[in-house]
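File shown: structure.csv. Contents: CSV, C-alpha atoms.
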```
chain,number,residue,atom,x,y,z
A,1,MET,CA,11.1,-22.1,-19.7
A,2,THR,CA,7.4,-22.6,-20.2
A,3,GLU,CA,4.8,-20.8,-18.2
A,4,LYS,CA,3.5,-22.8,-15.2
A,5,THR,CA,-0.2,-22.5,-14.8
A,6,GLY,CA,-1.5,-20.7,-11.7
A,7,PHE,CA,1.5,-18.4,-11.2
A,8,ALA,CA,1.5,-14.7,-11.7
A,9,PRO,CA,2.9,-13.6,-15.1
A,10,ALA,CA,5.2,-11.1,-13.5
A,11,ALA,CA,6.8,-13.9,-11.4
A,12,ALA,CA,8.3,-15.5,-14.5
A,13,PRO,CA,10.7,-17.2,-15.3
A,14,HIS,CA,9.6,-20.2,-13.2
A,15,ALA,CA,12.0,-22.6,-11.8
A,16,SER,CA,11.9,-26.4,-11.9
A,17,THR,CA,11.9,-26.7,-8.1
A,18,ILE,CA,8.1,-26.0,-7.6
A,19,VAL,CA,6.7,-27.7,-4.6
A,20,SER,CA,3.2,-29.0,-5.0
A,21,THR,CA,1.2,-30.2,-2.0
A,22,SER,CA,-1.4,-33.0,-2.3
A,23,GLU,CA,-5.0,-32.1,-1.2
A,24,GLU,CA,-5.7,-35.7,-0.1
A,25,ALA,CA,-5.7,-35.0,3.6
A,26,ILE,CA,-7.1,-31.5,3.4
A,27,THR,CA,-10.1,-29.5,2.3
A,28,ALA,CA,-9.1,-26.4,0.2
A,29,GLY,CA,-10.8,-24.0,-2.2
A,30,GLU,CA,-11.9,-20.5,-3.0
A,31,THR,CA,-14.3,-18.4,-0.8
A,32,SER,CA,-15.3,-14.8,-0.4
A,33,ILE,CA,-15.1,-12.8,2.8
A,34,PRO,CA,-17.3,-9.8,3.6
A,35,SER,CA,-15.1,-6.9,4.2
A,36,GLN,CA,-15.8,-3.2,4.4
A,37,GLY,CA,-19.0,-3.5,2.3
A,38,GLU,CA,-17.5,-5.7,-0.4
A,39,ASN,CA,-16.8,-9.4,-0.9
A,40,MET,CA,-13.1,-10.1,-0.8
A,41,PRO,CA,-11.9,-13.3,-2.7
A,42,ALA,CA,-9.8,-15.6,-0.6
A,43,TYR,CA,-8.3,-19.1,-0.7
A,44,HIS,CA,-8.5,-21.3,2.3
A,45,ALA,CA,-7.3,-24.8,3.4
A,46,ARG,CA,-7.8,-26.9,6.5
A,47,PRO,CA,-7.2,-30.5,7.5
A,48,LYS,CA,-10.1,-32.9,6.6
A,49,SER,CA,-10.4,-34.2,10.2
A,50,ALA,CA,-10.4,-31.7,13.0
A,51,ASP,CA,-11.6,-32.2,16.5
A,52,GLY,CA,-12.7,-28.7,17.7
A,53,PRO,CA,-11.7,-25.3,16.4
A,54,LEU,CA,-8.5,-25.0,14.5
A,55,PRO,CA,-5.6,-22.6,15.1
A,56,ILE,CA,-5.8,-19.9,12.4
A,57,VAL,CA,-3.0,-18.6,10.2
A,58,ILE,CA,-3.7,-15.7,7.9
A,59,VAL,CA,-1.3,-15.9,4.9
A,60,VAL,CA,-0.4,-12.5,3.4
A,61,GLN,CA,0.4,-12.6,-0.3
A,62,GLU,CA,3.6,-11.7,-2.1
A,63,ILE,CA,3.6,-8.7,-4.5
A,64,PHE,CA,2.1,-11.2,-7.0
A,65,GLY,CA,-1.2,-11.8,-5.2
A,66,VAL,CA,-2.8,-15.1,-4.2
A,67,HIS,CA,-1.3,-17.2,-7.0
A,68,GLU,CA,-0.3,-20.9,-6.9
A,69,HIS,CA,2.7,-20.5,-4.5
A,70,ILE,CA,0.6,-18.8,-1.8
A,71,ARG,CA,-2.2,-21.3,-2.3
A,72,ASP,CA,0.3,-24.1,-1.8
A,73,ILE,CA,1.6,-22.4,1.4
A,74,CYS,CA,-2.0,-22.6,2.7
A,75,ARG,CA,-2.1,-26.3,1.8
A,76,ARG,CA,1.2,-26.9,3.6
A,77,LEU,CA,-0.1,-25.2,6.7
A,78,ALA,CA,-3.4,-27.2,6.6
A,79,LEU,CA,-1.3,-30.4,6.7
A,80,GLU,CA,0.2,-29.1,9.9
A,81,GLY,CA,-3.2,-28.7,11.4
A,82,TYR,CA,-4.0,-25.1,10.7
A,83,LEU,CA,-6.9,-23.3,9.1
A,84,ALA,CA,-5.0,-21.2,6.6
A,85,VAL,CA,-6.6,-18.3,4.8
A,86,ALA,CA,-5.0,-16.1,2.0
A,87,PRO,CA,-7.2,-13.1,1.1
A,88,GLU,CA,-6.8,-11.2,-2.2
A,89,LEU,CA,-5.7,-7.9,-0.7
A,90,TYR,CA,-5.5,-5.9,-4.0
A,91,PHE,CA,-8.9,-6.9,-5.2
A,92,ARG,CA,-10.4,-3.3,-5.0
A,93,GLN,CA,-7.4,-1.8,-6.9
A,94,GLY,CA,-6.9,-4.5,-9.6
A,95,ASP,CA,-5.6,-7.9,-10.6
A,96,PRO,CA,-1.9,-8.7,-10.4
A,97,ASN,CA,-2.3,-11.2,-13.2
A,98,ASP,CA,-2.8,-8.3,-15.6
A,99,TYR,CA,0.9,-7.3,-15.3
A,100,SER,CA,3.8,-9.1,-16.9
A,101,ASP,CA,6.7,-7.3,-15.1
A,102,ILE,CA,7.4,-6.3,-11.5
A,103,PRO,CA,8.1,-2.6,-11.9
A,104,THR,CA,4.7,-2.0,-13.7
A,105,LEU,CA,2.9,-4.2,-11.3
A,106,PHE,CA,4.3,-2.2,-8.4
A,107,SER,CA,3.7,1.3,-9.8
A,108,ASN,CA,0.3,0.6,-11.3
A,109,LEU,CA,-1.2,-1.6,-8.6
A,110,VAL,CA,0.7,-2.4,-5.4
A,111,SER,CA,1.6,1.2,-4.6
A,112,LYS,CA,-2.1,2.2,-4.8
A,113,VAL,CA,-3.2,-0.3,-2.0
A,114,PRO,CA,-3.4,1.6,1.4
A,115,ASP,CA,-2.0,-0.1,4.5
A,116,ALA,CA,-5.0,1.0,6.5
A,117,GLN,CA,-7.3,-0.8,4.0
A,118,VAL,CA,-5.2,-4.0,4.2
A,119,LEU,CA,-5.1,-4.1,8.0
A,120,ALA,CA,-8.9,-3.6,8.2
A,121,ASP,CA,-9.4,-6.4,5.6
A,122,LEU,CA,-7.2,-8.7,7.7
A,123,ASP,CA,-9.4,-8.1,10.7
A,124,HIS,CA,-12.4,-9.2,8.6
A,125,VAL,CA,-10.4,-12.3,7.6
A,126,ALA,CA,-9.8,-13.1,11.3
A,127,SER,CA,-13.5,-12.7,12.0
A,128,TRP,CA,-14.5,-15.0,9.0
A,129,ALA,CA,-12.0,-17.6,10.2
A,130,ALA,CA,-13.5,-17.6,13.7
A,131,ARG,CA,-16.9,-18.2,12.2
A,132,ASN,CA,-15.7,-20.9,9.9
A,133,GLY,CA,-14.0,-23.5,12.2
A,134,GLY,CA,-11.1,-21.4,13.5
A,135,ASP,CA,-10.2,-20.6,17.1
A,136,PRO,CA,-10.0,-16.8,17.5
A,137,HIS,CA,-7.8,-17.3,20.6
A,138,ARG,CA,-5.1,-19.0,18.4
A,139,LEU,CA,-4.7,-16.4,15.6
A,140,MET,CA,-1.4,-16.1,13.7
A,141,VAL,CA,-0.2,-14.4,10.6
A,142,THR,CA,2.6,-15.0,8.1
A,143,GLY,CA,3.5,-13.1,5.0
A,144,PHE,CA,6.1,-13.1,2.2
A,145,CYS,CA,7.8,-10.1,0.6
A,146,TRP,CA,5.0,-7.4,0.4
A,147,GLY,CA,3.2,-9.6,2.9
A,148,GLY,CA,6.2,-9.9,5.2
A,149,ARG,CA,6.1,-6.1,5.8
A,150,ILE,CA,2.3,-6.3,6.3
A,151,SER,CA,2.8,-9.1,8.9
A,152,TRP,CA,5.0,-6.8,11.0
A,153,LEU,CA,2.3,-4.0,10.7
A,154,TYR,CA,-0.5,-6.4,11.6
A,155,ALA,CA,1.3,-7.5,14.7
A,156,ALA,CA,1.1,-3.9,15.9
A,157,HIS,CA,-2.5,-3.5,14.7
A,158,ASN,CA,-4.4,-6.4,16.1
A,159,PRO,CA,-4.3,-7.0,19.9
A,160,GLN,CA,-5.8,-10.5,19.5
A,161,LEU,CA,-2.9,-11.7,17.4
A,162,LYS,CA,-0.8,-14.4,19.1
A,163,ALA,CA,2.2,-14.7,16.8
A,164,ALA,CA,3.6,-13.4,13.5
A,165,VAL,CA,6.3,-14.6,11.0
A,166,ALA,CA,7.5,-12.2,8.4
A,167,TRP,CA,9.5,-13.5,5.4
A,168,TYR,CA,11.7,-10.9,3.8
A,169,GLY,CA,9.4,-8.0,4.3
A,170,LYS,CA,10.9,-4.5,4.0
A,171,LEU,CA,11.6,-2.9,7.3
A,172,VAL,CA,12.3,0.8,6.4
A,173,GLY,CA,11.1,2.9,3.5
A,174,GLU,CA,9.8,6.2,2.3
A,175,LYS,CA,6.6,7.3,4.0
A,176,THR,CA,3.6,7.9,1.8
A,177,LEU,CA,-0.1,8.5,2.3
A,178,ASN,CA,-0.8,4.9,1.5
A,179,SER,CA,2.2,3.7,3.7
A,180,PRO,CA,2.6,6.2,6.5
A,181,LYS,CA,4.5,3.7,8.7
A,182,HIS,CA,7.0,0.9,8.2
A,183,PRO,CA,8.0,-1.9,10.6
A,184,VAL,CA,10.8,0.1,12.1
A,185,ASP,CA,8.3,2.7,13.2
A,186,ILE,CA,6.0,0.3,15.0
A,187,ALA,CA,8.5,-1.8,17.0
A,188,THR,CA,7.2,-0.2,20.2
A,189,ASP,CA,3.6,-1.2,19.3
A,190,LEU,CA,3.9,-4.9,18.7
A,191,ASN,CA,1.1,-6.9,20.3
A,192,ALA,CA,2.5,-10.3,19.4
A,193,PRO,CA,5.9,-12.0,19.1
A,194,VAL,CA,7.4,-11.6,15.6
A,195,LEU,CA,9.9,-13.8,13.9
A,196,GLY,CA,11.6,-12.2,10.8
A,197,LEU,CA,13.3,-14.4,8.2
A,198,TYR,CA,15.7,-12.6,5.9
A,199,GLY,CA,18.3,-13.3,3.2
A,200,GLY,CA,21.8,-12.0,3.7
A,201,GLN,CA,22.1,-11.5,-0.1
A,202,ASP,CA,18.8,-9.6,-0.5
A,203,THR,CA,19.8,-6.5,-2.4
A,204,GLY,CA,16.3,-4.9,-1.7
A,205,ILE,CA,16.6,-5.3,2.1
A,206,PRO,CA,20.2,-4.3,3.0
A,207,LEU,CA,21.7,-5.7,6.2
A,208,ASP,CA,22.0,-2.2,7.7
A,209,THR,CA,18.2,-1.9,7.7
A,210,ILE,CA,17.9,-5.3,9.5
A,211,GLU,CA,20.3,-4.0,12.1
A,212,THR,CA,18.3,-0.8,12.4
A,213,MET,CA,15.2,-3.0,13.1
A,214,ARG,CA,17.0,-5.1,15.6
A,215,HIS,CA,18.0,-1.9,17.5
A,216,ALA,CA,14.4,-0.7,17.4
A,217,LEU,CA,13.2,-4.1,18.7
A,218,ARG,CA,15.7,-4.2,21.5
A,219,ALA,CA,14.9,-0.6,22.5
A,220,ALA,CA,11.2,-1.5,22.6
A,221,ASN,CA,12.0,-4.6,24.7
A,222,ALA,CA,9.9,-6.5,22.1
A,223,THR,CA,9.5,-10.3,21.9
A,224,ALA,CA,11.0,-10.7,18.4
A,225,GLU,CA,13.8,-12.4,16.6
A,226,ILE,CA,15.3,-11.8,13.2
A,227,VAL,CA,17.2,-14.7,11.5
A,228,VAL,CA,19.4,-13.9,8.5
A,229,TYR,CA,20.4,-16.7,6.1
A,230,PRO,CA,23.8,-15.6,4.8
A,231,ASP,CA,23.6,-17.4,1.5
A,232,ALA,CA,20.0,-16.6,0.6
A,233,GLY,CA,18.6,-13.7,-1.4
A,234,HIS,CA,15.2,-12.2,-1.6
A,235,ALA,CA,12.3,-14.6,-2.0
A,236,PHE,CA,14.3,-17.6,-0.9
A,237,ASN,CA,11.2,-19.5,0.0
A,238,ALA,CA,9.7,-19.0,-3.5
A,239,ASP,CA,10.3,-22.5,-4.8
A,240,TYR,CA,8.8,-21.5,-8.2
A,241,ARG,CA,11.5,-18.8,-8.8
A,242,PRO,CA,15.3,-19.0,-9.4
A,243,SER,CA,15.7,-17.2,-6.1
A,244,TYR,CA,14.7,-20.3,-4.2
A,245,HIS,CA,17.3,-21.4,-1.6
A,246,ALA,CA,16.1,-24.8,-0.4
A,247,GLU,CA,18.2,-25.1,2.7
A,248,SER,CA,17.2,-21.7,4.1
A,249,ALA,CA,13.6,-22.2,3.0
A,250,LYS,CA,13.3,-25.5,4.9
A,251,ASP,CA,15.0,-24.1,8.0
A,252,GLY,CA,12.7,-21.0,7.9
A,253,TRP,CA,9.6,-23.2,7.6
A,254,GLN,CA,10.6,-25.3,10.7
A,255,ARG,CA,11.4,-22.1,12.6
A,256,MET,CA,8.0,-20.7,11.7
A,257,LEU,CA,6.2,-23.8,12.9
A,258,ALA,CA,8.2,-23.8,16.1
A,259,TRP,CA,7.3,-20.1,16.6
A,260,PHE,CA,3.6,-20.7,16.1
A,261,SER,CA,3.8,-23.7,18.4
A,262,GLN,CA,5.6,-21.7,21.1
A,263,TYR,CA,3.5,-18.5,21.0
A,264,GLY,CA,0.4,-19.3,19.1
A,265,GLY,CA,-1.1,-21.9,21.5
A,266,LYS,CA,-1.2,-24.7,19.0
A,267,LYS,CA,-2.1,-27.9,20.9
```
Give the structure from this file in structure tokens form.
Amino acid sequence: MTEKTGFAPAAAPHASTIVSTSEEAITAGETSIPSQGENMPAYHARPKSADGPLPIVIVVQEIFGVHEHIRDICRRLALEGYLAVAPELYFRQGDPNDYSDIPTLFSNLVSKVPDAQVLADLDHVASWAARNGGDPHRLMVTGFCWGGRISWLYAAHNPQLKAAVAWYGKLVGEKTLNSPKHPVDIATDLNAPVLGLYGGQDTGIPLDTIETMRHALRAANATAEIVVYPDAGHAFNADYRPSYHAESAKDGWQRMLAWFSQYGGKK
């Protein structure tokens, strides 16, 4: 299959199910966000007509960075009335487009990005959004794969966050200097309601780890829900990959919007 422009090389092969959202009713493009003394590249999208500040959704990238799929997620959220911002969270450590396979991308780049750096960067994204047409009192986050795990962590990090939706983010794992805690470790610290969307066929996130997380959430009396799609694997929302499972992806998207509407204060 031919390479599709705008997608990370390590994400190949690309499927024929790619969803592409029109920019007709939205404003979208690249920007840079001051963060920790540097300018962090980011993609943002918002509806063209807005009356007053917009609810904010920070979109946290997959392992592949802010490539075309993540940009399209921002455009889809803009059509729903959100200011969506996807920051390039690896920018200090390197460019995911330089890698053509997932294991090398992970070992040479992703594993070198500290959680603490990412969480601080996301705080700066929230501040930028509040200064650029967003409503800081309606701040939400969603993330995919690598970003799904980060979304759980961010829900325990930022007390201003109103809602989070984590798509197939790892819940348990080995503790390292860069990743000292995983979602299961922060269940008692959640500041915002979290919805987790997972695939029952995901070989990288076994069902027993999902049960471990559910127990931790119940023990913490946290406002959280984990939905498992029995027929879906990892990256079931990634419409540009063979892993795409349309039925689960569409249901997950509607659940995300309902979660944001319920907890995020979207008018």
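Atom pair CA of Leu54 in chain A / CA of Ser127 in chain A has a distance of 13.5 Å (rounded to one decimal).
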Closest to Leu177 in chain A among A:Arg241, A:His234, A:His69, A:Lys112, using only C-alpha atoms?
A:Lys112
Can you pull out every residue within 8 Å of Ala12 in chain A, counting all atoms listed in the file, but drop anything in the same chain fewer than 2 positions away, and send it as number ranges by chain?
A: 3, 8-10, 14, 241
Restrict the selected residues to C-alpha atoms and save them as a CSV table (one decimal), in the coordinates of the input.
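After the write, part_35.csv holds the following:
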```csv
chain,number,residue,atom,x,y,z
A,3,GLU,CA,4.8,-20.8,-18.2
A,8,ALA,CA,1.5,-14.7,-11.7
A,9,PRO,CA,2.9,-13.6,-15.1
A,10,ALA,CA,5.2,-11.1,-13.5
A,14,HIS,CA,9.6,-20.2,-13.2
A,241,ARG,CA,11.5,-18.8,-8.8
```
I'd like a table as CSV: residues in range 57-76 of chain A with an atom no more than 10 Å from range 46-50 of chain A, each row giving the shortest atom pair and its distance in Å to one decimal, only C-alpha atoms counted, sorted by chain and rising residue number.
```
residue,atom,partner,partner_atom,distance
A:Cys74,CA,A:Arg46,CA,8.2
A:Arg75,CA,A:Arg46,CA,7.4
A:Arg76,CA,A:Arg46,CA,9.5
```
Take the residues that were just selected and, keeping C-alpha atoms, output them as a PDB file, in the coordinates of the input.
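See result_8.pdb below for the written result:
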```
ATOM      1  CA  CYS A  74      -2.000 -22.600   2.700  1.00  0.00           C
ATOM      2  CA  ARG A  75      -2.100 -26.300   1.800  1.00  0.00           C
ATOM      3  CA  ARG A  76       1.200 -26.900   3.600  1.00  0.00           C
TER       4      ARG A  76
END
```
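Using only C-alpha atoms, the smallest distance between any of A:Tyr198, A:Trp146, A:Trp128, A:Trp152 and Tyr168 in chain A comes from A:Tyr198.
Of note, CA of Ile73 in chain A and CA of Phe260 in chain A are spaced 14.9 Å apart.
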Nearest-residue call for Asp115 in chain A, choices A:Leu161, A:Ala222, A:Ile150, A:Val184, using all atoms listed in the file:
A:Ile150
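Proximity ranking of A:Val165, A:Ile226, A:Ala25, A:Leu195 relative to Ile210 in chain A places A:Ile226 first, based on only C-alpha atoms.
Taking CA of Ser179 in chain A and CA of Val227 in chain A as endpoints, the distance between them is 25.0 Å.
Counting only C-alpha atoms and comparing A:Gln160, A:Trp259, A:Leu171, A:Ala224, the residue that lies closest to Ala130 in chain A is A:Gln160.
Shortest atom-to-atom contact with Lys170 in chain A among A:Ala84, A:Ala235, A:Ala45, A:Ile70: A:Ala235, counting all atoms listed in the file.
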Could you pull the residues within 6 Å of Lys162 in chain A, counting all atoms listed in the file, minus those fewer than 2 positions along the same chain, as a PyMOL selection string?
chain A and resi 139-140+192+264
Generate a file of the selected residues that holds C-alpha atoms, formatted as a tab-separated table (two decimals), keeping the file's coordinate frame.
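Below you can see part30.tsv, which holds the result:
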```
chain	number	residue	atom	x	y	z
A	139	LEU	CA	-4.70	-16.40	15.60
A	140	MET	CA	-1.40	-16.10	13.70
A	192	ALA	CA	2.50	-10.30	19.40
A	264	GLY	CA	0.40	-19.30	19.10
```
Please tell me which residues are no farther than 12 Å from (7.1, -23.9, 12.6) in the file, counting all atoms listed in the file, and write them as number ranges by chain.
A: 57, 76-77, 80-82, 140, 142, 163-165, 195, 249-264, 266
Fill-in result for range 38-57 of chain A, N, CA and C atoms as a short mmCIF file (atom, residue, chain, number, x, y, z; two decimals), keeping the file's coordinate frame:
```
data_model
loop_
_atom_site.label_atom_id
_atom_site.label_comp_id
_atom_site.auth_asym_id
_atom_site.auth_seq_id
_atom_site.Cartn_x
_atom_site.Cartn_y
_atom_site.Cartn_z
N GLU A 38 -17.72 -5.01 0.88
CA GLU A 38 -17.50 -5.70 -0.40
C GLU A 38 -17.16 -7.19 -0.05
N ASN A 39 -17.20 -8.04 -1.06
CA ASN A 39 -16.80 -9.40 -0.90
C ASN A 39 -15.40 -9.64 -1.41
N MET A 40 -14.51 -9.98 -0.50
CA MET A 40 -13.10 -10.10 -0.80
C MET A 40 -12.82 -11.61 -1.17
N PRO A 41 -12.28 -11.90 -2.36
CA PRO A 41 -11.90 -13.30 -2.70
C PRO A 41 -10.81 -13.77 -1.79
N ALA A 42 -10.83 -15.07 -1.48
CA ALA A 42 -9.80 -15.60 -0.60
C ALA A 42 -9.66 -17.14 -0.93
N TYR A 43 -8.51 -17.67 -0.60
CA TYR A 43 -8.30 -19.10 -0.70
C TYR A 43 -8.09 -19.63 0.71
N HIS A 44 -8.64 -20.79 1.00
CA HIS A 44 -8.50 -21.30 2.30
C HIS A 44 -8.21 -22.84 2.27
N ALA A 45 -7.55 -23.35 3.29
CA ALA A 45 -7.30 -24.80 3.40
C ALA A 45 -7.27 -25.19 4.84
N ARG A 46 -7.71 -26.41 5.10
CA ARG A 46 -7.80 -26.90 6.50
C ARG A 46 -7.65 -28.45 6.41
N PRO A 47 -7.26 -29.06 7.53
CA PRO A 47 -7.20 -30.50 7.50
C PRO A 47 -8.64 -31.09 7.43
N LYS A 48 -8.78 -32.25 6.79
CA LYS A 48 -10.10 -32.90 6.60
C LYS A 48 -10.68 -33.24 7.99
N SER A 49 -9.87 -33.81 8.86
CA SER A 49 -10.40 -34.20 10.20
C SER A 49 -9.88 -33.28 11.23
N ALA A 50 -10.81 -32.65 11.93
CA ALA A 50 -10.40 -31.70 13.00
C ALA A 50 -11.30 -31.98 14.18
N ASP A 51 -10.68 -32.01 15.36
CA ASP A 51 -11.60 -32.20 16.50
C ASP A 51 -11.53 -30.87 17.27
N GLY A 52 -12.56 -30.07 17.06
CA GLY A 52 -12.70 -28.70 17.70
C GLY A 52 -12.10 -27.66 16.76
N PRO A 53 -12.20 -26.41 17.20
CA PRO A 53 -11.70 -25.30 16.40
C PRO A 53 -10.24 -25.36 16.11
N LEU A 54 -9.87 -24.93 14.91
CA LEU A 54 -8.50 -25.00 14.50
C LEU A 54 -7.72 -23.72 14.74
N PRO A 55 -6.43 -23.80 15.04
CA PRO A 55 -5.60 -22.60 15.10
C PRO A 55 -5.62 -21.95 13.67
N ILE A 56 -5.63 -20.62 13.65
CA ILE A 56 -5.80 -19.90 12.40
C ILE A 56 -4.45 -19.25 11.98
N VAL A 57 -4.10 -19.41 10.71
CA VAL A 57 -3.00 -18.60 10.20
C VAL A 57 -3.49 -17.85 8.95
#
```
